[in-house]
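Below: input-v1.cif (mmCIF, C-alpha atoms and all ligand atoms)
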data_final
loop_
_atom_site.label_atom_id
_atom_site.label_comp_id
_atom_site.auth_asym_id
_atom_site.auth_seq_id
_atom_site.Cartn_x
_atom_site.Cartn_y
_atom_site.Cartn_z
CA MET A 526 -12.61 -13.01 -31.86
CA ASN A 527 -13.86 -12.81 -35.43
CA ILE A 528 -16.61 -15.10 -36.72
CA GLN A 529 -15.73 -17.33 -39.65
CA VAL A 530 -18.40 -17.47 -42.35
CA ASP A 531 -16.47 -19.73 -44.72
CA GLU A 532 -12.84 -20.17 -45.75
CA LYS A 533 -12.68 -16.65 -47.26
CA HIS A 534 -15.30 -14.60 -45.42
CA TRP A 535 -15.39 -13.29 -41.86
CA LEU A 536 -17.55 -11.20 -39.61
CA ARG A 537 -15.52 -8.75 -37.58
CA SER A 538 -16.64 -5.92 -35.35
CA LEU A 539 -17.85 -2.79 -37.21
CA GLN A 540 -15.16 -0.10 -36.98
CA GLU A 541 -14.95 3.62 -37.66
CA SER A 542 -13.12 3.14 -40.97
CA ASP A 543 -16.11 1.07 -42.25
CA LEU A 544 -18.55 3.95 -41.90
CA GLY A 545 -18.11 5.31 -45.45
CA LEU A 546 -18.82 1.88 -46.96
CA LEU A 547 -21.73 1.25 -44.59
CA ARG A 548 -23.21 4.66 -45.42
CA GLY A 549 -22.74 4.02 -49.15
CA LEU A 550 -24.74 0.80 -48.75
CA LEU A 551 -27.52 2.23 -46.58
CA ASN A 552 -27.94 5.28 -48.82
CA GLN A 553 -28.79 3.06 -51.83
CA PRO A 554 -32.57 3.25 -52.42
CA GLU A 555 -32.88 -0.49 -53.18
CA ILE A 556 -31.21 -1.31 -49.85
CA GLU A 557 -33.42 1.14 -47.94
CA GLU A 558 -36.42 -0.49 -49.61
CA SER A 559 -35.49 -3.90 -48.26
CA LEU A 560 -34.82 -2.82 -44.65
CA VAL A 561 -36.85 -1.68 -41.70
CA GLY A 562 -35.10 1.32 -40.14
CA TRP A 563 -32.31 3.39 -41.73
CA ASN A 564 -34.93 5.27 -43.71
CA PHE A 565 -33.27 8.66 -43.93
CA PRO A 566 -30.25 9.87 -45.90
CA LEU A 567 -27.11 9.51 -43.78
CA ASN A 568 -24.37 12.12 -43.75
CA PRO A 569 -20.76 11.59 -42.57
CA ASP A 570 -20.92 13.95 -39.56
CA GLU A 571 -24.07 12.50 -38.03
CA HIS A 572 -22.93 8.98 -38.83
CA LEU A 573 -19.61 9.49 -37.01
CA LYS A 574 -21.38 11.04 -34.00
CA TRP A 575 -23.71 8.04 -33.90
CA PHE A 576 -20.78 5.62 -34.00
CA ARG A 577 -18.74 7.44 -31.36
CA GLY A 578 -21.81 7.73 -29.13
CA LEU A 579 -22.49 3.97 -29.06
CA PRO A 580 -22.42 2.70 -25.47
CA LEU A 581 -19.88 0.07 -24.48
CA GLY A 582 -21.28 -3.29 -23.42
CA ALA A 583 -24.45 -2.48 -25.29
CA THR A 584 -27.28 -4.82 -26.17
CA THR A 585 -26.35 -4.64 -29.86
CA GLN A 586 -23.41 -6.24 -31.66
CA ARG A 587 -22.55 -4.89 -35.11
CA PHE A 588 -20.35 -6.66 -37.64
CA SER A 589 -18.80 -6.08 -41.03
CA LEU A 590 -18.70 -8.95 -43.51
CA VAL A 591 -15.22 -8.94 -45.05
CA ARG A 592 -13.13 -11.02 -47.42
CA THR A 593 -9.34 -10.99 -47.39
CA LEU A 594 -7.64 -11.33 -50.76
CA ASP A 595 -3.84 -11.12 -51.13
CA GLY A 596 -3.58 -9.42 -47.75
CA SER A 597 -6.10 -6.67 -48.51
CA GLU A 598 -9.59 -6.59 -47.09
CA GLU A 599 -12.76 -6.18 -49.12
CA TRP A 600 -15.96 -4.98 -47.39
CA LEU A 601 -19.10 -6.85 -48.46
CA GLY A 602 -21.82 -5.81 -46.05
CA PHE A 603 -22.93 -5.66 -42.47
CA ALA A 604 -24.85 -7.75 -39.98
CA GLY A 605 -25.77 -7.58 -36.36
CA LEU A 606 -27.63 -8.78 -33.34
CA TRP A 607 -29.99 -6.15 -31.94
CA ASP A 608 -31.95 -5.86 -28.69
CA ILE A 609 -30.04 -8.66 -27.01
CA ASN A 610 -32.04 -9.68 -23.95
CA TRP A 611 -29.63 -11.40 -21.56
CA LYS A 612 -32.37 -12.55 -19.17
CA ASP A 613 -34.73 -14.21 -21.67
CA ARG A 614 -31.78 -14.90 -23.99
CA HIS A 615 -33.09 -13.70 -27.33
CA ALA A 616 -32.03 -11.16 -29.95
CA GLU A 617 -32.98 -9.84 -33.36
CA ILE A 618 -30.72 -10.76 -36.30
CA GLY A 619 -30.30 -8.55 -39.36
CA LEU A 620 -27.98 -8.19 -42.34
CA ALA A 621 -27.49 -6.40 -45.65
CA LEU A 622 -25.03 -7.23 -48.40
CA ASP A 623 -23.70 -4.96 -51.10
CA PRO A 624 -25.81 -5.78 -54.22
CA LYS A 625 -22.61 -7.03 -55.99
CA TYR A 626 -22.42 -9.90 -53.51
CA GLN A 627 -26.10 -10.84 -53.25
CA GLY A 628 -27.57 -14.04 -54.66
CA GLN A 629 -24.38 -16.10 -54.28
CA GLY A 630 -25.27 -17.97 -51.11
CA LEU A 631 -23.39 -15.61 -48.79
CA GLY A 632 -26.53 -14.45 -46.97
CA LYS A 633 -27.38 -18.01 -45.94
CA LYS A 634 -23.82 -18.71 -44.79
CA LEU A 635 -23.77 -15.48 -42.81
CA ILE A 636 -27.11 -16.21 -41.11
CA ARG A 637 -25.90 -19.72 -40.20
CA SER A 638 -22.60 -18.55 -38.74
CA LEU A 639 -24.13 -15.64 -36.84
CA SER A 640 -26.83 -17.94 -35.44
CA GLU A 641 -24.15 -20.41 -34.35
CA TYR A 642 -22.27 -17.56 -32.63
CA ALA A 643 -25.46 -16.32 -30.94
CA PHE A 644 -26.34 -19.76 -29.59
CA SER A 645 -22.92 -21.28 -28.86
CA VAL A 646 -20.90 -18.24 -27.81
CA LEU A 647 -23.45 -15.79 -26.42
CA ASN A 648 -25.64 -18.61 -25.07
CA LEU A 649 -28.80 -17.07 -26.50
CA HIS A 650 -31.84 -19.29 -26.87
CA ARG A 651 -33.89 -17.62 -29.60
CA LEU A 652 -33.28 -15.40 -32.64
CA GLU A 653 -35.86 -13.42 -34.51
CA ALA A 654 -35.87 -11.67 -37.87
CA PHE A 655 -38.31 -9.09 -39.21
CA VAL A 656 -38.83 -9.27 -42.98
CA LEU A 657 -40.90 -7.00 -45.20
CA ALA A 658 -43.56 -9.13 -46.86
CA TYR A 659 -42.24 -8.33 -50.36
CA ASN A 660 -38.61 -9.22 -49.54
CA GLY A 661 -38.44 -12.69 -51.12
CA PRO A 662 -34.65 -13.22 -50.91
CA SER A 663 -34.61 -12.36 -47.21
CA ARG A 664 -37.58 -14.63 -46.45
CA GLN A 665 -35.97 -17.51 -48.39
CA ALA A 666 -32.59 -16.99 -46.73
CA PHE A 667 -34.08 -17.19 -43.22
CA LEU A 668 -36.37 -20.13 -44.07
CA LYS A 669 -33.46 -22.05 -45.59
CA CYS A 670 -31.48 -21.49 -42.38
CA GLY A 671 -34.21 -23.14 -40.30
CA PHE A 672 -36.24 -20.10 -39.23
CA SER A 673 -40.04 -20.50 -39.07
CA HIS A 674 -42.69 -17.95 -39.95
CA GLU A 675 -44.29 -17.09 -36.62
CA GLY A 676 -46.64 -14.32 -37.58
CA THR A 677 -47.34 -11.22 -39.59
CA PHE A 678 -47.76 -7.65 -38.40
CA ARG A 679 -50.33 -6.15 -40.73
CA ASN A 680 -49.61 -2.73 -42.29
CA LYS A 681 -46.65 -2.22 -39.96
CA VAL A 682 -44.18 -0.36 -42.19
CA PHE A 683 -44.85 2.77 -44.27
CA LYS A 684 -42.76 3.16 -47.41
CA ARG A 685 -43.36 5.14 -50.60
CA GLY A 686 -46.89 6.10 -49.60
CA THR A 687 -48.09 2.60 -48.68
CA TYR A 688 -48.25 0.45 -45.57
CA PHE A 689 -46.68 -3.00 -45.89
CA ASP A 690 -46.96 -6.14 -43.77
CA LEU A 691 -43.95 -7.18 -41.71
CA GLU A 692 -43.28 -10.89 -41.16
CA LEU A 693 -41.68 -12.35 -38.05
CA TYR A 694 -39.35 -15.36 -38.38
CA GLY A 695 -37.93 -17.19 -35.36
CA LEU A 696 -35.26 -19.80 -34.69
CA LEU A 697 -34.68 -21.64 -31.39
CA ALA A 698 -31.24 -22.95 -30.44
CA GLU A 699 -32.46 -26.56 -30.49
CA GLU A 700 -33.78 -26.17 -34.04
CA VAL A 701 -30.35 -25.61 -35.56
CA THR A 702 -29.38 -28.48 -37.83
CA PRO A 703 -25.72 -29.22 -38.63
C1 LIG B 1 -31.49 -10.72 -48.01
C2 LIG B 1 -30.02 -11.02 -48.26
C3 LIG B 1 -29.22 -10.82 -46.99
C4 LIG B 1 -29.92 -12.49 -48.70
O1 LIG B 1 -28.56 -12.78 -48.95
P1 LIG B 1 -28.12 -13.38 -50.37
O2 LIG B 1 -26.69 -13.72 -50.28
O3 LIG B 1 -28.53 -12.44 -51.44
O4 LIG B 1 -29.02 -14.67 -50.44
P2 LIG B 1 -28.55 -16.16 -50.77
O5 LIG B 1 -27.77 -16.14 -52.06
O6 LIG B 1 -27.91 -16.75 -49.58
O7 LIG B 1 -29.94 -16.84 -51.09
C5 LIG B 1 -30.94 -17.08 -50.13
C6 LIG B 1 -32.18 -17.57 -50.82
O8 LIG B 1 -32.91 -16.43 -51.24
C7 LIG B 1 -33.45 -16.68 -52.55
N1 LIG B 1 -32.91 -15.64 -53.43
C8 LIG B 1 -31.66 -15.16 -53.48
N2 LIG B 1 -31.57 -14.17 -54.38
C9 LIG B 1 -32.80 -14.02 -54.90
C10 LIG B 1 -33.37 -13.16 -55.86
N3 LIG B 1 -32.63 -12.21 -56.47
N4 LIG B 1 -34.69 -13.26 -56.11
C11 LIG B 1 -35.44 -14.17 -55.48
N5 LIG B 1 -34.96 -15.04 -54.56
C12 LIG B 1 -33.66 -14.96 -54.28
C13 LIG B 1 -33.11 -18.07 -52.93
O9 LIG B 1 -34.18 -18.92 -52.57
C14 LIG B 1 -31.93 -18.38 -52.07
O10 LIG B 1 -31.80 -19.69 -51.66
P3 LIG B 1 -31.29 -20.84 -52.72
O11 LIG B 1 -30.12 -20.25 -53.42
O12 LIG B 1 -30.93 -21.99 -51.82
O13 LIG B 1 -32.45 -21.10 -53.60
C15 LIG B 1 -29.42 -10.11 -49.38
O14 LIG B 1 -30.11 -10.33 -50.58
C16 LIG B 1 -29.47 -8.62 -49.03
O15 LIG B 1 -28.55 -8.11 -48.42
N6 LIG B 1 -30.58 -7.94 -49.42
C17 LIG B 1 -30.73 -6.51 -49.13
C18 LIG B 1 -30.92 -6.23 -47.64
C19 LIG B 1 -31.96 -7.14 -47.00
O16 LIG B 1 -33.00 -7.43 -47.58
N7 LIG B 1 -31.65 -7.56 -45.77
C20 LIG B 1 -32.53 -8.40 -44.98
C21 LIG B 1 -33.47 -7.57 -44.21
S1 LIG B 1 -34.54 -8.57 -43.20
#

Rewritten as structure tokens:
Amino acid sequence: MNIQVDEKHWLRSLQESDLGLLRGLLNQPEIEESLVGWNFPLNPDEHLKWFRGLPLGATTQRFSLVRTLDGSEEWLGFAGLWDINWKDRHAEIGLALDPKYQGQGLGKKLIRSLSEYAFSVLNLHRLEAFVLAYNGPSRQAFLKCGFSHEGTFRNKVFKRGTYFDLELYGLLAEEVTP
């Protein structure tokens, strides 16, 4: 079952043929700068081994954001739910869009549809997002989707010779507004 983001955009499961596009995105310095994790250059061999080594029924769900135009599919970015805790019913949400598709409202739509899937399909109760303190678009996207700032980890992430604060945003199932 794919997740509809809007009339043109869908989240579908990440597949092996997406790896080149995913790697191209994660290897861009401005994308690395905005994310926590994925901090090292990725090469095709290691990337494929990683993908083929992923356990089935894992506590992570990875998606590609795609758009279908005239029967052909365009890849726009990725998203996922990490560290799904089936007992306490929470998970971490994350996403990254190709820079060509940023700033057009897609991030907000994606966060809303993935939150809806997490709460209504997976029956999770809480989502959390970790945002680098200087990542304004990410902060705004989560706030505009109903997430609240719950705290700040001081000097948590080391990048380019400096420690940066990491902010925690949370959303409970009952806080989702239509
Ligand atoms: C963060 C990200 C997912 C947001 O998605 P997006 O499609 O670019 O964002 P949206 O267009 O939905 O805008 C969300 C809000 O962010 C703000 N925003 C968007 N682009 C911005 C920019 N270039 N500068 C400052 N604020 C910006 C706006 O407040 C906007 O809300 P508004 O349009 O209602 O005012 C996307 O920019 C991205 O992939 N960035 C790189 C990876 C990343 O940072 N991932 C998140 C890690 S926690």

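Counting only C-alpha atoms and all ligand atoms, the residue from A:Glu557, A:Glu641, A:Asp608, A:Glu541 that sits nearest to ligand LIG 1 (chain B) is A:Glu557.
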
Could you please extract the residues within 7 Å of ligand LIG 1 (chain B), counting only C-alpha atoms and all ligand atoms, and hand them back as a PyMOL selection string?
chain A and resi 556+559-560+619-624+626-634+654-657+660-666+669

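For the set A:His572, A:Gly578, A:Gly671, A:Thr585, the residue with the smallest atom-to-atom gap to Glu617 in chain A is A:Thr585, counting all atoms listed in the file.
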
Just how far from CA of Asn527 in chain A is CA of Ser645 in chain A, in Å to one decimal?
14.0 Å

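Residue nearest His534 in chain A, chosen from A:Asp690, A:Glu599, A:Ser640, A:Val591 and counting all atoms listed in the file: A:Val591.
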
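Nearest to Ala604 in chain A of all the residues A:Trp535, A:Phe565, A:Trp575, A:Phe678 is A:Trp535, based on all atoms listed in the file.
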